[in-house]
>>> print(open('structure31.cif').read())   # mmCIF, C-alpha atoms and all ligand atoms
data_final
loop_
_atom_site.label_atom_id
_atom_site.label_comp_id
_atom_site.auth_asym_id
_atom_site.auth_seq_id
_atom_site.Cartn_x
_atom_site.Cartn_y
_atom_site.Cartn_z
CA MET P 83 59.88 -12.79 8.85
CA GLN P 84 59.40 -11.08 12.25
CA ARG P 85 61.97 -8.43 13.13
CA VAL P 86 63.67 -8.93 16.49
CA PHE P 87 65.59 -6.28 18.45
CA SER P 88 67.55 -6.81 21.65
CA GLY P 89 70.37 -5.08 23.47
CA ILE P 90 72.95 -5.70 26.14
CA GLN P 91 74.84 -3.13 28.21
CA PRO P 92 78.64 -3.08 28.05
CA SER P 93 78.68 -2.44 31.79
CA GLY P 94 81.03 -5.33 32.59
CA ILE P 95 81.83 -8.83 31.42
CA PRO P 96 78.58 -10.62 30.52
CA THR P 97 77.47 -13.20 33.06
CA LEU P 98 75.85 -16.59 33.04
CA GLY P 99 72.57 -14.68 33.65
CA ASN P 100 73.04 -12.69 30.44
CA TYR P 101 73.92 -15.92 28.62
CA LEU P 102 70.98 -18.04 29.77
CA GLY P 103 68.46 -15.19 29.92
CA ALA P 104 69.45 -13.56 26.64
CA LEU P 105 72.48 -14.47 24.51
CA ARG P 106 71.83 -18.17 24.06
CA ASN P 107 68.31 -17.35 22.90
CA TRP P 108 69.56 -14.66 20.52
CA VAL P 109 71.59 -17.26 18.68
CA LYS P 110 68.59 -19.59 18.32
CA LEU P 111 66.36 -16.79 17.05
CA GLN P 112 68.72 -16.09 14.17
CA ASP P 113 67.43 -19.17 12.31
CA ASP P 114 63.95 -17.81 11.63
CA HIS P 115 63.94 -14.09 12.44
CA GLU P 116 65.52 -10.92 11.09
CA CYS P 117 67.67 -9.91 14.07
CA ILE P 118 69.11 -6.60 15.20
CA TRP P 119 71.57 -6.95 18.12
CA CYS P 120 72.82 -3.85 19.89
CA VAL P 121 75.57 -3.18 22.44
CA VAL P 122 73.71 -0.48 24.35
CA ASP P 123 76.42 1.90 25.54
CA LEU P 124 73.96 4.81 25.90
CA HIS P 125 72.15 2.74 28.52
CA ALA P 126 75.42 1.80 30.22
CA ILE P 127 76.26 5.44 31.08
CA THR P 128 73.03 5.84 33.07
CA VAL P 129 75.34 4.74 35.89
CA TRP P 130 78.98 5.90 36.08
CA GLN P 131 81.41 4.14 33.73
CA GLU P 132 85.13 4.90 33.56
CA PRO P 133 85.61 6.03 29.92
CA GLU P 134 88.55 3.68 29.27
CA ALA P 135 86.68 0.77 30.86
CA LEU P 136 83.55 1.50 28.82
CA ARG P 137 85.56 1.46 25.61
CA ARG P 138 87.22 -1.84 26.52
CA GLN P 139 83.97 -3.40 27.70
CA SER P 140 82.16 -2.41 24.49
CA LEU P 141 84.74 -4.31 22.44
CA GLU P 142 84.75 -7.23 24.89
CA MET P 143 80.97 -7.42 24.70
CA THR P 144 81.13 -7.42 20.90
CA ALA P 145 83.67 -10.25 21.01
CA VAL P 146 81.57 -12.28 23.48
CA LEU P 147 78.46 -11.88 21.32
CA LEU P 148 80.36 -13.12 18.27
CA ALA P 149 81.86 -15.98 20.32
CA CYS P 150 78.37 -17.00 21.47
CA GLY P 151 77.30 -17.31 17.83
CA VAL P 152 75.82 -13.94 16.88
CA ASP P 153 76.11 -13.81 13.10
CA PRO P 154 76.95 -10.26 11.90
CA LYS P 155 76.65 -11.19 8.23
CA ARG P 156 73.09 -12.50 8.15
CA HIS P 157 71.97 -10.15 10.97
CA ILE P 158 72.98 -6.75 12.36
CA LEU P 159 75.35 -6.14 15.29
CA PHE P 160 76.23 -2.57 16.23
CA LEU P 161 76.94 -0.03 19.00
CA GLN P 162 73.97 2.08 20.10
CA SER P 163 75.96 5.35 20.27
CA ALA P 164 76.94 4.93 16.61
CA VAL P 165 73.32 5.29 15.45
CA ARG P 166 71.93 8.73 16.39
CA ALA P 167 68.33 7.68 15.68
CA HIS P 168 68.11 6.03 19.14
CA ALA P 169 68.73 9.29 21.03
CA GLN P 170 66.53 11.30 18.64
CA LEU P 171 63.51 9.03 19.06
CA ALA P 172 64.15 8.69 22.81
CA TRP P 173 63.74 12.46 23.17
CA MET P 174 60.34 12.32 21.48
CA PHE P 175 59.39 9.42 23.76
CA ASN P 176 60.53 11.41 26.83
CA CYS P 177 57.78 13.81 25.84
CA VAL P 178 55.19 11.05 25.32
CA ALA P 179 55.78 8.88 28.43
CA ARG P 180 54.12 10.11 31.63
CA LEU P 181 55.97 10.53 34.92
CA GLY P 182 53.41 8.28 36.60
CA TRP P 183 54.37 5.44 34.25
CA LEU P 184 58.09 5.82 35.00
CA ASN P 185 57.42 6.01 38.74
CA ARG P 186 56.12 2.44 38.61
CA MET P 187 59.32 0.95 37.14
CA THR P 188 60.79 -1.42 39.70
CA GLN P 189 64.22 -1.60 38.05
CA PHE P 190 64.76 2.14 38.64
CA LYS P 191 63.94 1.63 42.32
CA ASP P 192 66.34 -1.34 42.51
CA LYS P 193 69.20 0.37 40.68
CA ALA P 194 68.81 3.82 42.27
CA GLY P 195 68.66 2.22 45.71
CA LYS P 196 68.14 4.39 48.78
CA ASP P 197 70.02 7.40 47.40
CA ARG P 198 67.38 8.13 44.75
CA GLU P 199 68.01 11.90 44.71
CA ASN P 200 71.52 11.17 43.49
CA ALA P 201 70.57 8.81 40.62
CA SER P 202 71.09 10.19 37.11
CA SER P 203 68.04 11.44 35.21
CA GLY P 204 69.19 9.09 32.44
CA LEU P 205 68.56 6.12 34.73
CA TYR P 206 65.04 7.38 35.33
CA VAL P 207 64.19 7.70 31.61
CA TYR P 208 66.10 4.52 30.67
CA PRO P 209 62.83 2.74 29.70
CA ASN P 210 62.02 5.52 27.20
CA LEU P 211 65.37 4.97 25.48
CA MET P 212 64.73 1.22 25.50
CA ALA P 213 61.34 1.86 23.83
CA ALA P 214 63.12 3.99 21.21
CA ASP P 215 65.70 1.23 20.59
CA ILE P 216 62.93 -1.15 19.59
CA HIS P 217 60.50 1.20 17.85
CA ALA P 218 63.23 2.82 15.73
CA TYR P 219 63.28 -0.46 13.79
CA HIS P 220 59.55 -1.27 13.96
CA ALA P 221 60.69 -4.48 15.64
CA THR P 222 57.84 -6.66 16.93
CA ARG P 223 59.65 -9.31 18.96
CA VAL P 224 62.04 -8.66 21.83
CA PRO P 225 63.85 -11.50 23.62
CA VAL P 226 64.56 -10.41 27.19
CA GLY P 227 64.96 -11.86 30.64
CA ASP P 228 61.93 -11.90 32.89
CA ASP P 229 63.26 -8.77 34.66
CA GLN P 230 62.64 -6.65 31.55
CA ARG P 231 58.96 -7.51 31.08
CA GLN P 232 57.78 -4.29 32.76
CA HIS P 233 59.91 -2.14 30.45
CA LEU P 234 58.39 -3.79 27.41
CA GLU P 235 54.89 -3.06 28.66
CA LEU P 236 55.94 0.56 28.97
CA ALA P 237 57.33 0.51 25.41
CA ASN P 238 53.90 -0.62 24.23
CA ASP P 239 52.16 2.09 26.26
CA ILE P 240 54.43 4.72 24.70
CA ALA P 241 53.75 3.44 21.16
CA GLN P 242 50.00 3.40 21.78
CA LYS P 243 50.00 6.94 23.16
CA PHE P 244 52.16 8.20 20.29
CA ASN P 245 49.83 6.56 17.74
CA HIS P 246 46.77 7.94 19.54
CA ASP P 247 48.12 11.49 20.03
CA TYR P 248 49.18 11.84 16.39
CA GLY P 249 46.22 9.88 14.95
CA VAL P 250 48.31 7.23 13.20
CA GLU P 251 49.07 3.51 13.35
CA PHE P 252 52.80 4.05 13.10
CA PHE P 253 54.51 2.07 15.86
CA PRO P 254 53.50 -1.62 16.01
CA ALA P 255 52.85 -3.58 19.20
CA ILE P 256 55.82 -5.57 20.51
CA GLU P 257 55.82 -8.95 22.20
CA PRO P 258 58.38 -10.14 24.72
CA LEU P 259 60.00 -13.48 24.02
CA ILE P 260 60.81 -14.96 27.43
CA MET P 261 62.48 -18.28 26.87
CA GLY P 262 63.65 -21.29 28.85
CA PRO P 263 63.54 -22.53 32.46
CA ALA P 264 66.26 -20.15 33.74
CA ALA P 265 64.67 -16.94 32.46
CA ARG P 266 66.04 -15.37 35.64
CA VAL P 267 69.40 -16.45 37.04
CA MET P 268 70.04 -15.35 40.61
CA SER P 269 73.20 -14.33 42.45
CA LEU P 270 75.39 -17.14 43.80
CA ARG P 271 75.61 -15.29 47.12
CA ASP P 272 71.90 -14.44 47.53
CA GLY P 273 69.19 -16.46 45.78
CA THR P 274 66.69 -13.59 46.00
CA LYS P 275 68.89 -11.16 44.03
CA LYS P 276 69.43 -11.21 40.25
CA MET P 277 72.89 -12.21 38.99
CA SER P 278 74.35 -8.96 37.60
CA LYS P 279 77.56 -8.11 35.77
CA SER P 280 77.92 -4.93 37.85
CA ASP P 281 77.41 -6.58 41.26
CA PRO P 282 80.39 -5.49 43.39
CA SER P 283 81.02 -9.12 44.41
CA ASP P 284 82.73 -11.18 41.72
CA GLN P 285 81.77 -14.29 43.73
CA SER P 286 78.08 -13.53 43.07
CA ARG P 287 78.31 -14.40 39.40
CA ILE P 288 79.91 -16.58 36.73
CA ASN P 289 81.53 -14.36 34.08
CA LEU P 290 81.64 -15.65 30.53
CA ASN P 291 85.43 -15.23 30.56
CA ASP P 292 86.03 -17.08 33.86
CA ASP P 293 88.51 -19.94 33.54
CA SER P 294 87.69 -23.51 34.63
CA ASP P 295 89.29 -23.19 38.10
CA THR P 296 87.44 -19.95 38.83
CA ILE P 297 84.13 -21.47 37.76
CA ALA P 298 84.70 -24.55 39.95
CA LEU P 299 85.64 -22.37 42.94
CA LYS P 300 82.65 -20.06 42.56
CA VAL P 301 80.25 -23.00 42.33
CA ARG P 302 81.85 -24.67 45.36
CA ARG P 303 81.47 -21.45 47.35
CA ALA P 304 77.92 -20.74 46.12
CA LYS P 305 75.54 -20.23 49.01
CA THR P 306 73.30 -23.22 49.82
CA ASP P 307 71.30 -24.39 52.81
CA PRO P 308 72.11 -27.36 55.07
CA LEU P 309 69.35 -29.66 53.74
CA PRO P 310 69.93 -32.22 50.97
CA LEU P 311 68.39 -31.51 47.56
CA PRO P 312 64.69 -32.41 47.61
CA ALA P 313 63.14 -35.13 45.47
CA ASP P 314 60.20 -32.95 44.50
CA VAL P 315 60.20 -29.58 42.70
CA SER P 316 57.54 -28.12 45.01
CA GLU P 317 60.02 -28.34 47.90
CA LEU P 318 62.34 -25.86 46.14
CA ALA P 319 59.77 -23.07 46.55
CA ASP P 320 61.19 -21.56 49.75
CA ARG P 321 64.83 -22.52 49.10
CA PRO P 322 65.98 -19.76 46.69
CA GLU P 323 69.66 -20.77 46.51
CA ALA P 324 68.90 -24.45 45.85
CA ARG P 325 66.25 -23.51 43.29
CA ASN P 326 68.70 -21.22 41.51
CA LEU P 327 71.45 -23.85 41.21
CA VAL P 328 68.98 -26.50 40.03
CA GLY P 329 67.55 -23.98 37.53
CA ILE P 330 71.03 -23.22 36.17
CA PHE P 331 71.76 -26.93 35.77
CA ALA P 332 68.41 -27.48 34.03
CA ALA P 333 68.95 -24.57 31.64
CA LEU P 334 72.47 -25.69 30.70
CA ALA P 335 71.39 -29.31 30.23
CA GLU P 336 68.27 -28.13 28.30
CA THR P 337 65.97 -30.02 30.64
CA ASP P 338 63.74 -29.01 33.59
CA HIS P 339 64.02 -28.83 37.39
CA ALA P 340 62.18 -32.16 37.86
CA ALA P 341 64.63 -34.05 35.65
CA VAL P 342 67.60 -32.62 37.57
CA LEU P 343 66.04 -33.59 40.91
CA LYS P 344 65.39 -37.08 39.60
CA ASP P 345 69.18 -37.50 39.35
CA TYR P 346 70.31 -35.49 42.40
CA GLY P 347 67.31 -35.35 44.78
CA GLY P 348 68.02 -36.73 48.25
CA GLN P 349 71.79 -36.11 47.93
CA GLY P 350 73.85 -33.38 49.57
CA PHE P 351 75.16 -30.47 47.46
CA GLY P 352 78.71 -31.88 47.05
CA THR P 353 78.16 -34.23 44.10
CA PHE P 354 75.65 -31.88 42.52
CA LYS P 355 77.99 -28.89 42.67
CA THR P 356 80.81 -30.90 41.06
CA ALA P 357 78.49 -31.95 38.21
CA LEU P 358 77.24 -28.37 37.83
CA ALA P 359 80.78 -26.97 37.66
CA ASP P 360 81.72 -29.59 35.01
CA LEU P 361 78.67 -28.68 32.95
CA LEU P 362 79.43 -24.97 33.21
CA VAL P 363 83.04 -25.49 32.13
CA GLU P 364 81.95 -27.66 29.20
CA ARG P 365 79.49 -25.02 27.95
CA LEU P 366 81.40 -21.82 28.73
CA SER P 367 85.08 -22.52 28.12
CA PRO P 368 84.76 -22.61 24.28
CA ILE P 369 83.12 -19.16 24.46
CA ALA P 370 85.93 -17.78 26.62
CA ALA P 371 88.59 -19.17 24.25
CA GLU P 372 86.90 -17.73 21.15
CA THR P 373 86.43 -14.34 22.88
CA ARG P 374 90.18 -14.17 23.58
CA ARG P 375 90.94 -14.99 19.96
CA LEU P 376 88.59 -12.29 18.64
CA LEU P 377 89.95 -9.63 21.00
CA ASP P 378 93.39 -10.09 19.47
CA ASP P 379 92.15 -8.42 16.26
CA GLU P 380 90.57 -5.11 17.29
CA ALA P 381 90.49 -3.79 13.71
CA ALA P 382 88.27 -6.71 12.66
CA LEU P 383 85.87 -6.03 15.56
CA LEU P 384 85.65 -2.34 14.63
CA GLN P 385 84.95 -3.33 11.04
CA VAL P 386 82.02 -5.55 12.15
CA LEU P 387 80.62 -2.65 14.21
CA ALA P 388 81.03 -0.09 11.42
CA SER P 389 79.20 -2.25 8.93
CA GLY P 390 76.49 -3.00 11.52
CA ALA P 391 75.95 0.71 12.25
CA GLU P 392 75.58 1.49 8.56
CA ARG P 393 72.97 -1.24 8.08
CA ALA P 394 71.12 -0.27 11.28
CA GLU P 395 70.92 3.36 10.12
CA ALA P 396 69.47 2.30 6.79
CA ILE P 397 66.46 0.94 8.71
CA ALA P 398 66.18 3.37 11.64
CA ASN P 399 66.81 6.74 9.99
CA PRO P 400 63.73 6.72 7.70
CA ILE P 401 61.49 5.54 10.59
CA VAL P 402 62.73 8.25 12.96
CA ARG P 403 62.51 10.87 10.22
CA GLU P 404 58.86 9.94 9.69
CA ALA P 405 58.22 10.16 13.47
CA GLU P 406 59.72 13.67 13.37
CA ARG P 407 57.40 14.62 10.51
CA LEU P 408 54.39 13.28 12.43
CA VAL P 409 55.38 15.31 15.49
CA GLY P 410 55.57 18.45 13.33
CA PHE P 411 59.30 19.08 13.01
CA VAL P 412 60.22 20.96 9.83
CA ASN P 413 62.48 18.97 7.51
CA VAL P 414 65.03 21.49 6.28
CA ARG P 415 67.21 19.08 4.32
N1 LIG P 501 70.31 -12.66 36.02
C1 LIG P 501 69.73 -12.68 34.84
N2 LIG P 501 68.94 -13.71 34.48
C2 LIG P 501 68.36 -13.73 33.26
N3 LIG P 501 68.52 -12.79 32.33
C3 LIG P 501 69.30 -11.74 32.64
N4 LIG P 501 69.66 -10.64 31.96
C4 LIG P 501 70.48 -9.90 32.72
N5 LIG P 501 70.68 -10.49 33.90
C5 LIG P 501 69.95 -11.63 33.90
C6 LIG P 501 69.23 -10.35 30.60
O1 LIG P 501 70.38 -9.98 29.85
C7 LIG P 501 70.00 -9.03 28.87
C8 LIG P 501 70.98 -7.91 28.84
O2 LIG P 501 70.95 -7.24 30.05
P1 LIG P 501 71.61 -5.82 30.18
O3 LIG P 501 73.06 -5.94 30.12
O4 LIG P 501 71.06 -4.89 29.16
O5 LIG P 501 71.12 -5.25 31.55
P2 LIG P 501 70.72 -5.90 32.87
O6 LIG P 501 69.47 -6.66 32.74
O7 LIG P 501 70.73 -4.78 33.89
O8 LIG P 501 71.92 -6.92 33.12
P3 LIG P 501 72.95 -6.94 34.27
O9 LIG P 501 73.89 -8.06 34.02
O10 LIG P 501 72.24 -6.93 35.59
O11 LIG P 501 73.73 -5.60 34.04
P4 LIG P 501 74.03 -4.43 35.05
O12 LIG P 501 74.72 -5.09 36.20
O13 LIG P 501 74.92 -3.50 34.31
O14 LIG P 501 72.73 -3.80 35.41
C9 LIG P 501 68.58 -8.60 29.18
O15 LIG P 501 67.71 -9.22 28.25
C10 LIG P 501 68.35 -9.11 30.56
O16 LIG P 501 67.00 -9.43 30.79
#
>>> encode(input="structure31.cif", output="C-alpha cells")
Amino acid sequence: MQRVFSGIQPSGIPTLGNYLGALRNWVKLQDDHECIWCVVDLHAITVWQEPEALRRQSLEMTAVLLACGVDPKRHILFLQSAVRAHAQLAWMFNCVARLGWLNRMTQFKDKAGKDRENASSGLYVYPNLMAADIHAYHATRVPVGDDQRQHLELANDIAQKFNHDYGVEFFPAIEPLIMGPAARVMSLRDGTKKMSKSDPSDQSRINLNDDSDTIALKVRRAKTDPLPLPADVSELADRPEARNLVGIFAALAETDHAAVLKDYGGQGFGTFKTALADLLVERLSPIAAETRRLLDDEAALLQVLASGAERAEAIANPIVREAERLVGFVNVR
C-alpha cells in the first residue's frame, strides 16, 4: 500500500478551498492508502499567530478533520510540533536546498508581499520543512491543491540532491495527487485570488463552520459579472468569478463545468446562486454540527493527538536517525 502524507495549517478555520482541494480527497484516499495526516502548526507560525488563537485553532482543525471523516484509528492524525523529527530533518534540508531554488517559489512571493525584508526566515524556508514532513515518513504520494505543486517539485529536488551528495538511494520520489475539477477554489471577492483561511475579508471565503444563513449571504454577495451564465465552457475562460462559482458547484455535485452549464447556462446568476447556496448548506452543515460536538470534549481530542504523535514517531524517528547517520552525526545514545 502506498504511504500518503499531507498537512494543513491551523492558521484559521478551514475553508471550502481546503475542503474541496484537500480534505474531501483525504477521506477518499483512506480506503486504499496508508495515510498520515498532520496539523502543521510549525508551518502556521511562519506568519504571526496569537498563541491563544493558535492553540484554539489547532484543536478546531483537529475537530474539523475528524468531522470530515479522517479516521484516526486506521490512519494517523497528529500535531507537527509534537513530533521533533520534522524540525530535525528540516534543518538538514535547509543545508541541502539551494537559495536559487527557494528564490523561485511563487508562494513565498505571494505571502511575503511587497514588504519582503520583513517576512520571517521561516516563511522563506517553509518548502524545506514541507519536504521534511513528507520525507520523514518515506511517503510517496501527497494529495495537495494545485497551488502546492511547485513545493512538491522542490521536495523531490531536495531528496535527489541528498541521495546524490551522500551516495545513497534513501529518500524516494514523491508524486502529487491533484484531484477533482475544483483543485483550486478562488476568493468570492476576486476570482483571480485563491480562497484562503487567513484572508482578512471573511466575505472572501466559506468557512467550514459557517451556518446556513451566513453561507447563503456570502454566496448572494459573491462577486459576479453582469452577463448571464454562458452555455459553453470555453466562454468561462475570461470570466474568473463565474468560472469559480461554476467550478465550486461542479466539485460539490461531483460533476463537471459542462454539466452545470447545461442546467444553468443562459440564465442570470440569481437562480444559480440560490441552488449553489442550497448545495453548500447540504454538504457543509453536517460537518459544522459534528465539529461543534467534538469540540465539547477537548480531552478526547487531545487523546487522539497523543496517540497519533506516538504512532507518527514510531515511523519518523528511525528514518531521521538514519539520515543523521548518513550526514555524519555521531550517535551518542
Ligand atoms: N483555495 C484553495 N483551493 C484548493 N485547495 C486549497 N488548499 C488551500 N487553499 C485552497 C489546499 O489545502 C491544503 C491545506 O492548506 P494549508 O492550510 O496548509 O495552507 P494554504 O494552502 O496556505 O491554505 P490557506 O487556506 O490559504 O491558508 P493560509 O491562509 O493560512 O495561507 C493544501 O493541500 C492546499 O493546497
>>> atom_distance(input="structure31.cif", atom1="CA of Ala341 in chain P", atom2="atom C1 of ligand LIG 501 (chain P)")
22.0 Å
>>> residues_around(input="structure31.cif", residues="Leu387 in chain P", least_positions_apart="2", cutoff="9 Å", atoms="all atoms listed in the file", output="list in words")
Thr144, Pro154, Ile158, Leu159, Phe160, Leu161, Ala164, Ala382, Leu383, Leu384, Gln385, Ser389, Gly390, Ala391 and Glu392 of chain P
>>> write_last_selection(input="structure31.cif", atoms="C-alpha atoms", output="PDB file, in the frame of the given file")
ATOM      1  CA  THR P 144      81.130  -7.420  20.900  1.00  0.00           C
ATOM      2  CA  PRO P 154      76.950 -10.260  11.900  1.00  0.00           C
ATOM      3  CA  ILE P 158      72.980  -6.750  12.360  1.00  0.00           C
ATOM      4  CA  LEU P 159      75.350  -6.140  15.290  1.00  0.00           C
ATOM      5  CA  PHE P 160      76.230  -2.570  16.230  1.00  0.00           C
ATOM      6  CA  LEU P 161      76.940  -0.030  19.000  1.00  0.00           C
ATOM      7  CA  ALA P 164      76.940   4.930  16.610  1.00  0.00           C
ATOM      8  CA  ALA P 382      88.270  -6.710  12.660  1.00  0.00           C
ATOM      9  CA  LEU P 383      85.870  -6.030  15.560  1.00  0.00           C
ATOM     10  CA  LEU P 384      85.650  -2.340  14.630  1.00  0.00           C
ATOM     11  CA  GLN P 385      84.950  -3.330  11.040  1.00  0.00           C
ATOM     12  CA  SER P 389      79.200  -2.250   8.930  1.00  0.00           C
ATOM     13  CA  GLY P 390      76.490  -3.000  11.520  1.00  0.00           C
ATOM     14  CA  ALA P 391      75.950   0.710  12.250  1.00  0.00           C
ATOM     15  CA  GLU P 392      75.580   1.490   8.560  1.00  0.00           C
TER      16      GLU P 392
END
>>> atom_distance(input="structure31.cif", atom1="CA of Leu311 in chain P", atom2="CA of Lys355 in chain P")
11.1 Å
>>> closest_residue(input="structure31.cif", among="P:Pro133, P:Gly99, P:Gly347, P:Gly151", to="Val267 in chain P", atoms="only C-alpha atoms")
P:Gly99
>>> residues_near_ligand(input="structure31.cif", ligand="ligand LIG 501 (chain P)", cutoff="8 Å", atoms="only C-alpha atoms and all ligand atoms", output="ChimeraX atom specification")
/P:88-94,96-105,122,125-126,193,225-230,264-269,276-281
>>> atom_distance(input="structure31.cif", atom1="CA of Asp360 in chain P", atom2="CA of Ala335 in chain P")
11.4 Å
>>> residues_near_point(input="structure31.cif", point="(81.3, -12.8, 25.0)", cutoff="10 Å", atoms="only C-alpha atoms", output="PyMOL selection string")
chain P and resi 95-97+100-101+105+141-152+289-291+366+369-374+376
>>> residues_around(input="structure31.cif", residues="Phe411 in chain P", least_positions_apart="5", cutoff="12 Å", atoms="only C-alpha atoms", output="mmCIF file with C-alpha atoms, keeping the file's coordinate frame")
data_model
loop_
_atom_site.group_PDB
_atom_site.id
_atom_site.type_symbol
_atom_site.label_atom_id
_atom_site.label_comp_id
_atom_site.auth_asym_id
_atom_site.auth_seq_id
_atom_site.Cartn_x
_atom_site.Cartn_y
_atom_site.Cartn_z
ATOM 1 C CA MET P 174 60.340 12.320 21.480
ATOM 2 C CA VAL P 402 62.730 8.250 12.960
ATOM 3 C CA ARG P 403 62.510 10.870 10.220
ATOM 4 C CA GLU P 404 58.860 9.940 9.690
ATOM 5 C CA ALA P 405 58.220 10.160 13.470
ATOM 6 C CA GLU P 406 59.720 13.670 13.370
#
>>> residues_near_point(input="structure31.cif", point="(66.2, -34.3, 49.7)", cutoff="12 Å", atoms="all atoms listed in the file", output="PyMOL selection string")
chain P and resi 307-318+321+324+343-351
